[in-house]
Every structure is written in structure tokens, then in C-alpha cells.
Amino acid sequence: MTEHTEFESSPDAYKVKLDAFEGPLDLLLHLIRKHEVNIYDIPISLITEQYLHYLELMKELDLDVAGEFVVMAATLIHIKSRTLLPRPPSEHEAAGDEEDPREALVRRLLEHQKYKAAAELLHERETLRSAQYIRPDSRVAAAAGDDYEPELEVDLFTLLAAFRGVLTRASRRPRMVLPPEQLSIEDRIQQLLGRLSETEACGFEDLFADGDGSRPFMIVTFLALLEMIRLKLIRVFQSGGFGAIRVYKRARPADAPHPIGDPQQ
């Protein structure tokens with residue numbers, strides 16, 4: 001690797017391609033699971049509010065938010081308005097067969113969920129053979145017995161949720177007045193790789209604790225982690241559905257993607 005040529009040097013120049021991660025339907029399914037709501041009876045006000053919060057955070061991070069995310073936001077707002085605004089009675093309503101404005105969305109979510117489940121089953125069968133889907137630990141499993149939960153690899157929206165938590169907790173702490181420092185993404189990646197070289201794994205939130213606590217520093221750190229995932233320098237796992245998230249350094253495979261801006265790409 002050649003230093004300072006592999007990564008984009010600033011958040012303004014760096015964009016994560018969301019199509020390499022997940023789409024708007026995946027975000028909605030994530031929110032439904034997170035809030036443990038019935039997919040057949042979606043609380044549209046809550047889900048719309050949460051979706052817009054995620055969209056705002058993705059835009060602040062300068063992620064490459066595809067048009068389909070914006071279209072879904074407009075769809076949710078439209079459905080919300082239909083559920084809130086009074087409508088004049090119609091013949092269909094009188095007959096009791098007026099469609100719930102959420103039903104078309106539910107059908108799309110169920111179809112997408114079925115497709116993802118099939119794809120994940122095929123992926124699991126393929127990757128379990130190479131021990132890439134979970135991190136089994138025979139010693140921990142033997143000690144914990146039936147209570148053992150293997151660490152599962154997390155998706156983009158789980159990371160975004162964890163990052164929102166980091167930002168929220170940081171906002172409650174007293175601000176440190178330090179001279180401004182323009183930290184590049186490539187420099188932050190080198191720092192993180194050095195930190196991860198000192199231990200087998202590191203807690204996700206711990207990786208945000210060695211800076212000045214400013215929002216720009218945390219954004220650069222998060223973008224650096226996303227780039228490291230894309231380049232297959234790290235793997236990120238979580239115990240169960242709501243356990244701690246841990247980051248593991250990995251040997252970069254030969255088929256890893258090229259860094260953004262790499263002349264060999």
C-alpha cells in the first residue's frame with residue numbers, strides 16, 4: 001500500500017455508494033425490527049419520523065443518497081397525510097372496502113423481506129463453509145452453554161443507529177475548546193488500523209473516544225470505518241439483536257475493492 005494515496009482525503013470528497021449496502025426498503029425493515037412493531041399495522045407517524053432522521057443523518061455524512069431514498073420519504077409523508085387528514089365518505093368507504101393507504105407499502109415490504117430471506121439463506125450456506133458469516137468462539141460457547149449468542153455481521157443501518165447514539169451521548173458532554181484540526185479520512189484510517197493492531201477487537205463506540213469529541217471528528221471516524229468495511233480491512237459484528245458492536249481487523253483479501261481515487265481502479 002502507498003500511504004496517502006489510497007483514500008479520499010476529506011469528507012467533502014468522499015461519498016459512500018449506498019447501493020453497495022442497502023436500500024430504502026431495507027431501512028424500513030430495520031426500523032420495524034428496531035421498534036418491534038407489527039409490519040401489518042405500521043405506526044406510520046413514528047416510522048416516517050425515524051426514516052427522515054436517518055435520511056438527514058445520511059445527508060449530513062454526505063453519503064450518496066440515491067433518488068429512491070428521497071422517493072420513499074415522499075411516499076411515507078404522503079401515506080402519513082392520508083392517514084391524518086379527514087376524507088369525505090365515499091361509496092367504497094360506505095361499503096367498508098376502502099384500502100388502508102399503508103397496504104401497498106406493506107405488500108412491497110413483505111415481498112422484499114421474502115426476497116432478502118432467500119438471498120440470505122443462500123449467502124449463509126455459502127459463507128458458513130468459510131466461517132465468514134459468524135464468529136464462533138468455542139471457548140465462550142462452551143462456558144455460556146445454551147445462552148451463547150454468536151456475533152452476527154451488522155448492516156449499514158445498524159451502524160448508523162449506533163453512530164446516532166454516539167452523537168447523542170457526545171452532545172450531552174461538556175465541549176472541549178481545542179484548536180481546529182483538519183483530519184483527513186486516510187489519516188484516520190491509519191490511526192484506526194494502528195488502534196486495532198493492538199488488540200483482537202475493539203468496541204465500536206471506543207473508536208470515537210480518542211479524539212476531541214467534536215462532531216467533525218466523529219463524522220470523519222465513521223466515514224473512515226465505512227471505507228475500511230468497503231475495502232475489507234475490517235469486519236463489524238454484534239452479539240444478538242441489540243448487543244455490543246465490535247470491530248475486528250482482518251487481512252485484506254486479494255479480491256478487495258480498490259480505494260476511491262486509486263489509479264489502479
# chains A, B, ... in the order shown; residues from 1 in each chain; ligands from 1
call {"tool": "residues_around", "arguments": {"residues": "A:Arg102", "least_positions_apart": "4", "cutoff": "8 Å", "atoms": "only C-alpha atoms", "output": "ChimeraX atom specification"}}
result
/A:42,44,79,106
call {"tool": "write_last_selection", "arguments": {"atoms": "all heavy atoms", "output": "PDB file, in the first residue's frame"}}
result
ATOM      1  N   ILE A  42     -48.335  -0.813  10.594  1.00  0.00           N
ATOM      2  CA  ILE A  42     -47.189   0.086  10.778  1.00  0.00           C
ATOM      3  C   ILE A  42     -47.645   1.425  11.369  1.00  0.00           C
ATOM      4  O   ILE A  42     -48.530   2.083  10.808  1.00  0.00           O
ATOM      5  CB  ILE A  42     -46.488   0.345   9.430  1.00  0.00           C
ATOM      6  CG1 ILE A  42     -45.961  -0.960   8.845  1.00  0.00           C
ATOM      7  CG2 ILE A  42     -45.347   1.341   9.594  1.00  0.00           C
ATOM      8  CD1 ILE A  42     -45.407  -0.822   7.441  1.00  0.00           C
ATOM      9  N   ILE A  44     -47.360   4.682  11.119  1.00  0.00           N
ATOM     10  CA  ILE A  44     -46.733   5.427  10.026  1.00  0.00           C
ATOM     11  C   ILE A  44     -46.083   6.727  10.501  1.00  0.00           C
ATOM     12  O   ILE A  44     -45.057   7.145   9.965  1.00  0.00           O
ATOM     13  CB  ILE A  44     -47.772   5.689   8.900  1.00  0.00           C
ATOM     14  CG1 ILE A  44     -47.057   6.055   7.590  1.00  0.00           C
ATOM     15  CG2 ILE A  44     -48.786   6.727   9.314  1.00  0.00           C
ATOM     16  CD1 ILE A  44     -46.254   4.923   7.000  1.00  0.00           C
ATOM     17  N   ILE A  79     -48.420   8.932   2.634  1.00  0.00           N
ATOM     18  CA  ILE A  79     -49.240   7.975   3.387  1.00  0.00           C
ATOM     19  C   ILE A  79     -49.638   8.561   4.740  1.00  0.00           C
ATOM     20  O   ILE A  79     -50.787   8.439   5.175  1.00  0.00           O
ATOM     21  CB  ILE A  79     -48.476   6.649   3.580  1.00  0.00           C
ATOM     22  CG1 ILE A  79     -48.246   5.975   2.234  1.00  0.00           C
ATOM     23  CG2 ILE A  79     -49.243   5.715   4.512  1.00  0.00           C
ATOM     24  CD1 ILE A  79     -47.352   4.751   2.307  1.00  0.00           C
ATOM     25  N   VAL A 106     -46.951  -2.213   2.676  1.00  0.00           N
ATOM     26  CA  VAL A 106     -46.788  -3.489   3.377  1.00  0.00           C
ATOM     27  C   VAL A 106     -46.518  -4.609   2.384  1.00  0.00           C
ATOM     28  O   VAL A 106     -45.654  -5.465   2.607  1.00  0.00           O
ATOM     29  CB  VAL A 106     -48.028  -3.795   4.242  1.00  0.00           C
ATOM     30  CG1 VAL A 106     -47.980  -5.232   4.763  1.00  0.00           C
ATOM     31  CG2 VAL A 106     -48.129  -2.821   5.406  1.00  0.00           C
TER      32      VAL A 106
END
call {"tool": "residues_around", "arguments": {"residues": "A:Leu105", "least_positions_apart": "6", "cutoff": "12 Å", "atoms": "only C-alpha atoms", "output": "ChimeraX atom specification"}}
result
/A:24-25,28-29,39-42,44,72,75-76,78-80,99,111-112
call {"tool": "write_last_selection", "arguments": {"atoms": "all heavy atoms", "output": "short mmCIF file (atom, residue, chain, number, x, y, z; two decimals), in the first residue's frame"}}
result
data_model
loop_
_atom_site.label_atom_id
_atom_site.label_comp_id
_atom_site.auth_asym_id
_atom_site.auth_seq_id
_atom_site.Cartn_x
_atom_site.Cartn_y
_atom_site.Cartn_z
N PRO A 24 -33.86 1.72 0.52
CA PRO A 24 -34.87 2.29 1.41
C PRO A 24 -35.79 1.25 2.05
O PRO A 24 -36.21 1.41 3.19
CB PRO A 24 -35.65 3.25 0.51
CG PRO A 24 -35.34 2.82 -0.89
CD PRO A 24 -33.96 2.24 -0.84
N LEU A 25 -36.10 0.17 1.34
CA LEU A 25 -36.94 -0.87 1.93
C LEU A 25 -36.20 -1.57 3.07
O LEU A 25 -36.81 -1.96 4.08
CB LEU A 25 -37.38 -1.88 0.88
CG LEU A 25 -38.38 -1.36 -0.16
CD1 LEU A 25 -38.62 -2.41 -1.25
CD2 LEU A 25 -39.70 -0.97 0.49
N LEU A 28 -36.55 0.62 6.09
CA LEU A 28 -37.86 0.48 6.71
C LEU A 28 -37.96 -0.82 7.51
O LEU A 28 -38.48 -0.83 8.64
CB LEU A 28 -38.96 0.52 5.64
CG LEU A 28 -39.20 1.88 4.98
CD1 LEU A 28 -40.30 1.76 3.93
CD2 LEU A 28 -39.58 2.93 6.01
N LEU A 29 -37.46 -1.91 6.96
CA LEU A 29 -37.48 -3.18 7.69
C LEU A 29 -36.62 -3.09 8.95
O LEU A 29 -36.97 -3.65 10.00
CB LEU A 29 -36.98 -4.31 6.79
CG LEU A 29 -37.93 -4.73 5.66
CD1 LEU A 29 -37.25 -5.74 4.73
CD2 LEU A 29 -39.22 -5.32 6.23
N ILE A 39 -45.64 -5.43 11.20
CA ILE A 39 -45.49 -4.98 9.82
C ILE A 39 -46.85 -4.79 9.15
O ILE A 39 -46.99 -4.02 8.20
CB ILE A 39 -44.63 -5.99 9.03
CG1 ILE A 39 -44.17 -5.36 7.70
CG2 ILE A 39 -45.38 -7.28 8.78
CD1 ILE A 39 -43.15 -6.18 6.96
N TYR A 40 -47.90 -5.48 9.63
CA TYR A 40 -49.24 -5.34 9.07
C TYR A 40 -49.98 -4.13 9.64
O TYR A 40 -51.07 -3.79 9.19
CB TYR A 40 -50.06 -6.61 9.31
CG TYR A 40 -49.54 -7.81 8.57
CD1 TYR A 40 -48.73 -8.74 9.20
CD2 TYR A 40 -49.85 -8.00 7.23
CE1 TYR A 40 -48.24 -9.85 8.52
CE2 TYR A 40 -49.37 -9.11 6.54
CZ TYR A 40 -48.56 -10.02 7.19
OH TYR A 40 -48.09 -11.11 6.51
N ASP A 41 -49.42 -3.51 10.66
CA ASP A 41 -50.06 -2.35 11.29
C ASP A 41 -48.99 -1.32 11.63
O ASP A 41 -48.75 -0.98 12.79
CB ASP A 41 -50.82 -2.79 12.55
CG ASP A 41 -51.67 -1.66 13.14
OD1 ASP A 41 -52.01 -0.72 12.38
OD2 ASP A 41 -51.97 -1.71 14.34
N ILE A 42 -48.33 -0.81 10.59
CA ILE A 42 -47.19 0.09 10.78
C ILE A 42 -47.64 1.43 11.37
O ILE A 42 -48.53 2.08 10.81
CB ILE A 42 -46.49 0.35 9.43
CG1 ILE A 42 -45.96 -0.96 8.84
CG2 ILE A 42 -45.35 1.34 9.59
CD1 ILE A 42 -45.41 -0.82 7.44
N ILE A 44 -47.36 4.68 11.12
CA ILE A 44 -46.73 5.43 10.03
C ILE A 44 -46.08 6.73 10.50
O ILE A 44 -45.06 7.15 9.96
CB ILE A 44 -47.77 5.69 8.90
CG1 ILE A 44 -47.06 6.05 7.59
CG2 ILE A 44 -48.79 6.73 9.31
CD1 ILE A 44 -46.25 4.92 7.00
N MET A 72 -38.96 7.35 -1.43
CA MET A 72 -39.59 6.66 -0.31
C MET A 72 -40.00 7.65 0.78
O MET A 72 -41.07 7.49 1.40
CB MET A 72 -38.65 5.60 0.26
CG MET A 72 -39.24 4.83 1.45
SD MET A 72 -40.79 3.97 1.04
CE MET A 72 -40.16 2.63 0.03
N THR A 75 -43.13 9.14 -0.30
CA THR A 75 -44.21 8.16 -0.19
C THR A 75 -44.70 8.06 1.24
O THR A 75 -45.91 8.04 1.50
CB THR A 75 -43.72 6.78 -0.67
OG1 THR A 75 -43.30 6.87 -2.03
CG2 THR A 75 -44.81 5.73 -0.54
N LEU A 76 -43.78 8.01 2.19
CA LEU A 76 -44.15 7.92 3.61
C LEU A 76 -44.92 9.17 4.05
O LEU A 76 -45.92 9.07 4.78
CB LEU A 76 -42.90 7.74 4.47
CG LEU A 76 -42.18 6.39 4.34
CD1 LEU A 76 -40.85 6.43 5.08
CD2 LEU A 76 -43.05 5.26 4.87
N HIS A 78 -46.68 11.11 2.17
CA HIS A 78 -48.00 11.06 1.52
C HIS A 78 -48.93 10.11 2.28
O HIS A 78 -50.10 10.46 2.54
CB HIS A 78 -47.84 10.61 0.07
CG HIS A 78 -49.15 10.44 -0.65
ND1 HIS A 78 -49.98 11.50 -0.96
CD2 HIS A 78 -49.77 9.32 -1.12
CE1 HIS A 78 -51.05 11.05 -1.58
NE2 HIS A 78 -50.95 9.73 -1.68
N ILE A 79 -48.42 8.93 2.63
CA ILE A 79 -49.24 7.98 3.39
C ILE A 79 -49.64 8.56 4.74
O ILE A 79 -50.79 8.44 5.18
CB ILE A 79 -48.48 6.65 3.58
CG1 ILE A 79 -48.25 5.98 2.23
CG2 ILE A 79 -49.24 5.72 4.51
CD1 ILE A 79 -47.35 4.75 2.31
N LYS A 80 -48.69 9.21 5.38
CA LYS A 80 -48.98 9.83 6.68
C LYS A 80 -50.08 10.88 6.55
O LYS A 80 -51.00 10.94 7.38
CB LYS A 80 -47.71 10.46 7.25
CG LYS A 80 -47.90 11.14 8.60
CD LYS A 80 -46.60 11.75 9.09
CE LYS A 80 -46.82 12.53 10.37
NZ LYS A 80 -45.56 13.15 10.87
N GLU A 99 -59.18 0.79 0.79
CA GLU A 99 -57.85 0.27 1.10
C GLU A 99 -57.13 1.18 2.09
O GLU A 99 -57.13 2.40 1.97
CB GLU A 99 -57.02 0.15 -0.18
CG GLU A 99 -55.63 -0.42 0.07
CD GLU A 99 -54.81 -0.52 -1.20
OE1 GLU A 99 -54.56 0.53 -1.83
OE2 GLU A 99 -54.41 -1.63 -1.55
N GLU A 111 -42.78 -8.58 0.20
CA GLU A 111 -42.12 -9.17 -0.96
C GLU A 111 -40.61 -9.01 -0.86
O GLU A 111 -39.85 -9.95 -1.14
CB GLU A 111 -42.64 -8.50 -2.23
CG GLU A 111 -42.06 -9.10 -3.51
CD GLU A 111 -42.62 -8.45 -4.76
OE1 GLU A 111 -43.56 -7.62 -4.63
OE2 GLU A 111 -42.13 -8.76 -5.85
N HIS A 112 -40.16 -7.82 -0.43
CA HIS A 112 -38.73 -7.57 -0.29
C HIS A 112 -38.14 -8.44 0.82
O HIS A 112 -37.03 -8.97 0.69
CB HIS A 112 -38.50 -6.09 0.02
CG HIS A 112 -37.06 -5.69 0.06
ND1 HIS A 112 -36.26 -5.64 -1.06
CD2 HIS A 112 -36.24 -5.35 1.11
CE1 HIS A 112 -35.04 -5.28 -0.73
NE2 HIS A 112 -34.99 -5.10 0.57
#
call {"tool": "atom_distance", "arguments": {"atom1": "atom CA of A:Leu27", "atom2": "atom CA of A:Asp155"}}
result
10.0 Å
call {"tool": "residues_around", "arguments": {"residues": "A:Lys249", "least_positions_apart": "2", "cutoff": "10 Å", "atoms": "only C-alpha atoms", "output": "PyMOL selection string"}}
result
chain A and resi 192-197+199-202+228-229+232-236+247+251-252
call {"tool": "residues_around", "arguments": {"residues": "A:Ser45", "least_positions_apart": "4", "cutoff": "10 Å", "atoms": "only C-alpha atoms", "output": "short mmCIF file (atom, residue, chain, number, x, y, z; two decimals) with N, CA and C atoms, in the first residue's frame"}}
result
data_model
loop_
_atom_site.label_atom_id
_atom_site.label_comp_id
_atom_site.auth_asym_id
_atom_site.auth_seq_id
_atom_site.Cartn_x
_atom_site.Cartn_y
_atom_site.Cartn_z
N GLU A 49 -41.11 9.56 10.87
CA GLU A 49 -40.21 10.44 11.63
C GLU A 49 -38.82 9.84 11.73
N GLN A 50 -38.74 8.54 12.06
CA GLN A 50 -37.45 7.88 12.18
C GLN A 50 -36.74 7.80 10.83
N TYR A 51 -37.46 7.51 9.78
CA TYR A 51 -36.88 7.42 8.44
C TYR A 51 -36.26 8.77 8.05
N LEU A 76 -43.78 8.01 2.19
CA LEU A 76 -44.15 7.92 3.61
C LEU A 76 -44.92 9.17 4.05
N ILE A 77 -44.45 10.32 3.63
CA ILE A 77 -45.14 11.57 4.00
C ILE A 77 -46.55 11.59 3.41
N ILE A 79 -48.42 8.93 2.63
CA ILE A 79 -49.24 7.98 3.39
C ILE A 79 -49.64 8.56 4.74
N LYS A 80 -48.69 9.21 5.38
CA LYS A 80 -48.98 9.83 6.68
C LYS A 80 -50.08 10.88 6.55
N SER A 81 -49.99 11.69 5.50
CA SER A 81 -51.01 12.74 5.33
C SER A 81 -52.38 12.13 5.07
N THR A 83 -53.47 9.32 6.23
CA THR A 83 -54.00 8.73 7.47
C THR A 83 -54.43 9.80 8.47
N LEU A 84 -53.89 11.02 8.33
CA LEU A 84 -54.19 12.08 9.30
C LEU A 84 -55.31 12.99 8.86
#
call {"tool": "residues_around", "arguments": {"residues": "A:Leu31", "least_positions_apart": "3", "cutoff": "10 Å", "atoms": "only C-alpha atoms", "output": "ChimeraX atom specification"}}
result
/A:25-28,34-37,46-48,50-51,54,157-158,161
call {"tool": "write_last_selection", "arguments": {"atoms": "N, CA and C atoms", "output": "mmCIF file, in the first residue's frame"}}
result
data_model
loop_
_atom_site.group_PDB
_atom_site.id
_atom_site.type_symbol
_atom_site.label_atom_id
_atom_site.label_comp_id
_atom_site.auth_asym_id
_atom_site.auth_seq_id
_atom_site.Cartn_x
_atom_site.Cartn_y
_atom_site.Cartn_z
ATOM 1 N N LEU A 25 -36.098 0.167 1.336
ATOM 2 C CA LEU A 25 -36.939 -0.872 1.933
ATOM 3 C C LEU A 25 -36.197 -1.573 3.073
ATOM 4 N N ASP A 26 -34.885 -1.717 2.919
ATOM 5 C CA ASP A 26 -34.084 -2.306 3.995
ATOM 6 C C ASP A 26 -34.094 -1.403 5.227
ATOM 7 N N LEU A 27 -34.057 -0.092 5.003
ATOM 8 C CA LEU A 27 -34.121 0.839 6.132
ATOM 9 C C LEU A 27 -35.468 0.718 6.848
ATOM 10 N N LEU A 28 -36.547 0.623 6.086
ATOM 11 C CA LEU A 28 -37.861 0.482 6.713
ATOM 12 C C LEU A 28 -37.959 -0.819 7.511
ATOM 13 N N LYS A 34 -36.399 -2.710 14.767
ATOM 14 C CA LYS A 34 -35.853 -1.965 15.902
ATOM 15 C C LYS A 34 -36.945 -1.561 16.880
ATOM 16 N N HIS A 35 -38.077 -1.107 16.376
ATOM 17 C CA HIS A 35 -39.167 -0.644 17.238
ATOM 18 C C HIS A 35 -40.171 -1.753 17.557
ATOM 19 N N GLU A 36 -39.894 -2.962 17.028
ATOM 20 C CA GLU A 36 -40.722 -4.131 17.331
ATOM 21 C C GLU A 36 -42.207 -3.857 17.065
ATOM 22 N N VAL A 37 -42.485 -3.342 15.875
ATOM 23 C CA VAL A 37 -43.868 -3.050 15.500
ATOM 24 C C VAL A 37 -44.362 -4.112 14.530
ATOM 25 N N LEU A 46 -44.575 7.343 13.437
ATOM 26 C CA LEU A 46 -43.288 7.006 14.064
ATOM 27 C C LEU A 46 -42.263 6.602 13.020
ATOM 28 N N ILE A 47 -42.641 5.710 12.111
ATOM 29 C CA ILE A 47 -41.689 5.208 11.118
ATOM 30 C C ILE A 47 -41.256 6.318 10.165
ATOM 31 N N THR A 48 -42.198 7.197 9.791
ATOM 32 C CA THR A 48 -41.839 8.322 8.913
ATOM 33 C C THR A 48 -40.848 9.243 9.608
ATOM 34 N N GLN A 50 -38.745 8.537 12.056
ATOM 35 C CA GLN A 50 -37.451 7.877 12.179
ATOM 36 C C GLN A 50 -36.736 7.798 10.831
ATOM 37 N N TYR A 51 -37.463 7.506 9.784
ATOM 38 C CA TYR A 51 -36.882 7.423 8.442
ATOM 39 C C TYR A 51 -36.256 8.765 8.048
ATOM 40 N N TYR A 54 -32.980 9.358 9.785
ATOM 41 C CA TYR A 54 -31.885 8.635 9.139
ATOM 42 C C TYR A 54 -31.470 9.325 7.850
ATOM 43 N N PHE A 157 -27.477 0.155 8.410
ATOM 44 C CA PHE A 157 -28.413 0.911 9.236
ATOM 45 C C PHE A 157 -28.224 0.623 10.722
ATOM 46 N N THR A 158 -27.740 -0.564 11.062
ATOM 47 C CA THR A 158 -27.380 -0.836 12.451
ATOM 48 C C THR A 158 -26.200 0.048 12.850
ATOM 49 N N ALA A 161 -27.467 3.576 13.322
ATOM 50 C CA ALA A 161 -28.167 3.710 14.598
ATOM 51 C C ALA A 161 -27.164 3.832 15.739
#
call {"tool": "closest_residue", "arguments": {"among": "A:Arg246, A:Glu186, A:Arg173, A:Ser239", "to": "A:Asp206", "atoms": "only C-alpha atoms"}}
result
A:Arg246
call {"tool": "closest_residue", "arguments": {"among": "A:Arg172, A:Ala74, A:Leu63, A:Arg215", "to": "A:Glu227", "atoms": "only C-alpha atoms"}}
result
A:Leu63
call {"tool": "residues_around", "arguments": {"residues": "A:Arg188", "least_positions_apart": "2", "cutoff": "10 Å", "atoms": "only C-alpha atoms", "output": "NGL selection string"}}
result
:A and (9 or 183-186 or 190-194 or 217 or 220-225)
call {"tool": "write_last_selection", "arguments": {"atoms": "all heavy atoms", "output": "short mmCIF file (atom, residue, chain, number, x, y, z; two decimals), in the first residue's frame"}}
result
data_model
loop_
_atom_site.label_atom_id
_atom_site.label_comp_id
_atom_site.auth_asym_id
_atom_site.auth_seq_id
_atom_site.Cartn_x
_atom_site.Cartn_y
_atom_site.Cartn_z
N SER A 9 -9.19 12.25 0.74
CA SER A 9 -8.56 12.94 1.86
C SER A 9 -9.51 13.75 2.71
O SER A 9 -9.12 14.23 3.76
CB SER A 9 -7.46 13.87 1.32
OG SER A 9 -8.03 14.83 0.46
N LEU A 183 -8.62 16.72 10.05
CA LEU A 183 -8.16 15.35 9.98
C LEU A 183 -8.70 14.70 8.71
O LEU A 183 -9.91 14.70 8.47
CB LEU A 183 -8.64 14.57 11.21
CG LEU A 183 -8.24 13.10 11.31
CD1 LEU A 183 -6.72 12.97 11.44
CD2 LEU A 183 -8.93 12.44 12.49
N SER A 184 -7.80 14.15 7.90
CA SER A 184 -8.23 13.52 6.66
C SER A 184 -8.71 12.10 6.94
O SER A 184 -8.36 11.48 7.94
CB SER A 184 -7.07 13.48 5.66
OG SER A 184 -6.04 12.64 6.14
N ILE A 185 -9.50 11.57 6.01
CA ILE A 185 -10.01 10.22 6.17
C ILE A 185 -8.88 9.20 6.10
O ILE A 185 -8.85 8.23 6.86
CB ILE A 185 -11.09 9.92 5.11
CG1 ILE A 185 -12.36 10.73 5.44
CG2 ILE A 185 -11.42 8.43 5.04
CD1 ILE A 185 -13.46 10.59 4.42
N GLU A 186 -7.90 9.41 5.21
CA GLU A 186 -6.82 8.44 5.12
C GLU A 186 -5.99 8.43 6.39
O GLU A 186 -5.55 7.35 6.85
CB GLU A 186 -5.94 8.70 3.88
CG GLU A 186 -5.07 9.94 3.94
CD GLU A 186 -5.72 11.12 3.23
OE1 GLU A 186 -6.97 11.11 3.13
OE2 GLU A 186 -5.01 12.01 2.80
N GLN A 190 -5.48 5.21 9.04
CA GLN A 190 -4.20 4.72 9.56
C GLN A 190 -4.21 4.67 11.09
O GLN A 190 -3.68 3.73 11.70
CB GLN A 190 -3.06 5.62 9.06
CG GLN A 190 -2.85 5.61 7.55
CD GLN A 190 -2.61 4.22 7.00
OE1 GLN A 190 -1.94 3.40 7.62
NE2 GLN A 190 -3.16 3.94 5.82
N GLN A 191 -4.82 5.68 11.72
CA GLN A 191 -4.93 5.68 13.18
C GLN A 191 -5.75 4.50 13.67
O GLN A 191 -5.39 3.82 14.65
CB GLN A 191 -5.56 6.99 13.67
CG GLN A 191 -4.69 8.22 13.47
CD GLN A 191 -5.42 9.50 13.84
OE1 GLN A 191 -6.57 9.48 14.31
NE2 GLN A 191 -4.77 10.63 13.64
N LEU A 192 -6.89 4.25 13.01
CA LEU A 192 -7.76 3.15 13.42
C LEU A 192 -7.10 1.80 13.21
O LEU A 192 -7.22 0.90 14.05
CB LEU A 192 -9.08 3.22 12.64
CG LEU A 192 -9.98 4.41 12.97
CD1 LEU A 192 -11.13 4.52 11.98
CD2 LEU A 192 -10.53 4.32 14.39
N LEU A 193 -6.38 1.64 12.11
CA LEU A 193 -5.66 0.39 11.88
C LEU A 193 -4.60 0.17 12.95
O LEU A 193 -4.40 -0.96 13.42
CB LEU A 193 -5.01 0.40 10.49
CG LEU A 193 -5.96 0.27 9.30
CD1 LEU A 193 -5.19 0.42 7.98
CD2 LEU A 193 -6.70 -1.06 9.32
N GLY A 194 -3.94 1.24 13.35
CA GLY A 194 -2.97 1.13 14.43
C GLY A 194 -3.62 0.74 15.75
O GLY A 194 -3.10 -0.10 16.48
N PHE A 217 -14.92 15.39 13.97
CA PHE A 217 -14.03 14.25 14.22
C PHE A 217 -14.82 12.94 14.16
O PHE A 217 -14.36 11.95 13.59
CB PHE A 217 -13.36 14.39 15.58
CG PHE A 217 -12.64 13.15 16.03
CD1 PHE A 217 -11.38 12.85 15.55
CD2 PHE A 217 -13.24 12.27 16.94
CE1 PHE A 217 -10.72 11.69 15.95
CE2 PHE A 217 -12.59 11.12 17.34
CZ PHE A 217 -11.32 10.83 16.85
N VAL A 220 -15.71 12.05 10.51
CA VAL A 220 -14.54 11.52 9.80
C VAL A 220 -14.27 10.09 10.25
O VAL A 220 -13.97 9.22 9.42
CB VAL A 220 -13.30 12.42 10.04
CG1 VAL A 220 -12.04 11.71 9.58
CG2 VAL A 220 -13.45 13.74 9.31
N THR A 221 -14.41 9.82 11.54
CA THR A 221 -14.18 8.46 12.05
C THR A 221 -15.18 7.49 11.46
O THR A 221 -14.82 6.38 11.03
CB THR A 221 -14.28 8.45 13.58
OG1 THR A 221 -13.25 9.30 14.13
CG2 THR A 221 -14.11 7.03 14.14
N PHE A 222 -16.45 7.87 11.41
CA PHE A 222 -17.47 6.98 10.89
C PHE A 222 -17.26 6.72 9.39
O PHE A 222 -17.37 5.58 8.93
CB PHE A 222 -18.86 7.57 11.13
CG PHE A 222 -19.99 6.64 10.76
CD1 PHE A 222 -20.25 5.51 11.51
CD2 PHE A 222 -20.79 6.90 9.65
CE1 PHE A 222 -21.28 4.64 11.17
CE2 PHE A 222 -21.82 6.04 9.31
CZ PHE A 222 -22.06 4.90 10.07
N LEU A 223 -16.94 7.77 8.63
CA LEU A 223 -16.68 7.59 7.20
C LEU A 223 -15.45 6.71 6.98
O LEU A 223 -15.41 5.90 6.05
CB LEU A 223 -16.50 8.95 6.52
CG LEU A 223 -17.75 9.83 6.42
CD1 LEU A 223 -17.40 11.18 5.81
CD2 LEU A 223 -18.83 9.14 5.59
N ALA A 224 -14.45 6.87 7.84
CA ALA A 224 -13.26 6.03 7.74
C ALA A 224 -13.62 4.56 7.97
O ALA A 224 -13.13 3.67 7.27
CB ALA A 224 -12.20 6.49 8.75
N LEU A 225 -14.50 4.30 8.94
CA LEU A 225 -14.92 2.92 9.21
C LEU A 225 -15.69 2.35 8.02
O LEU A 225 -15.50 1.17 7.66
CB LEU A 225 -15.77 2.88 10.48
CG LEU A 225 -15.02 3.09 11.80
CD1 LEU A 225 -16.00 3.27 12.95
CD2 LEU A 225 -14.09 1.91 12.08
#
call {"tool": "atom_distance", "arguments": {"atom1": "atom CA of A:Phe208", "atom2": "atom CA of A:Asp255"}}
result
29.0 Å
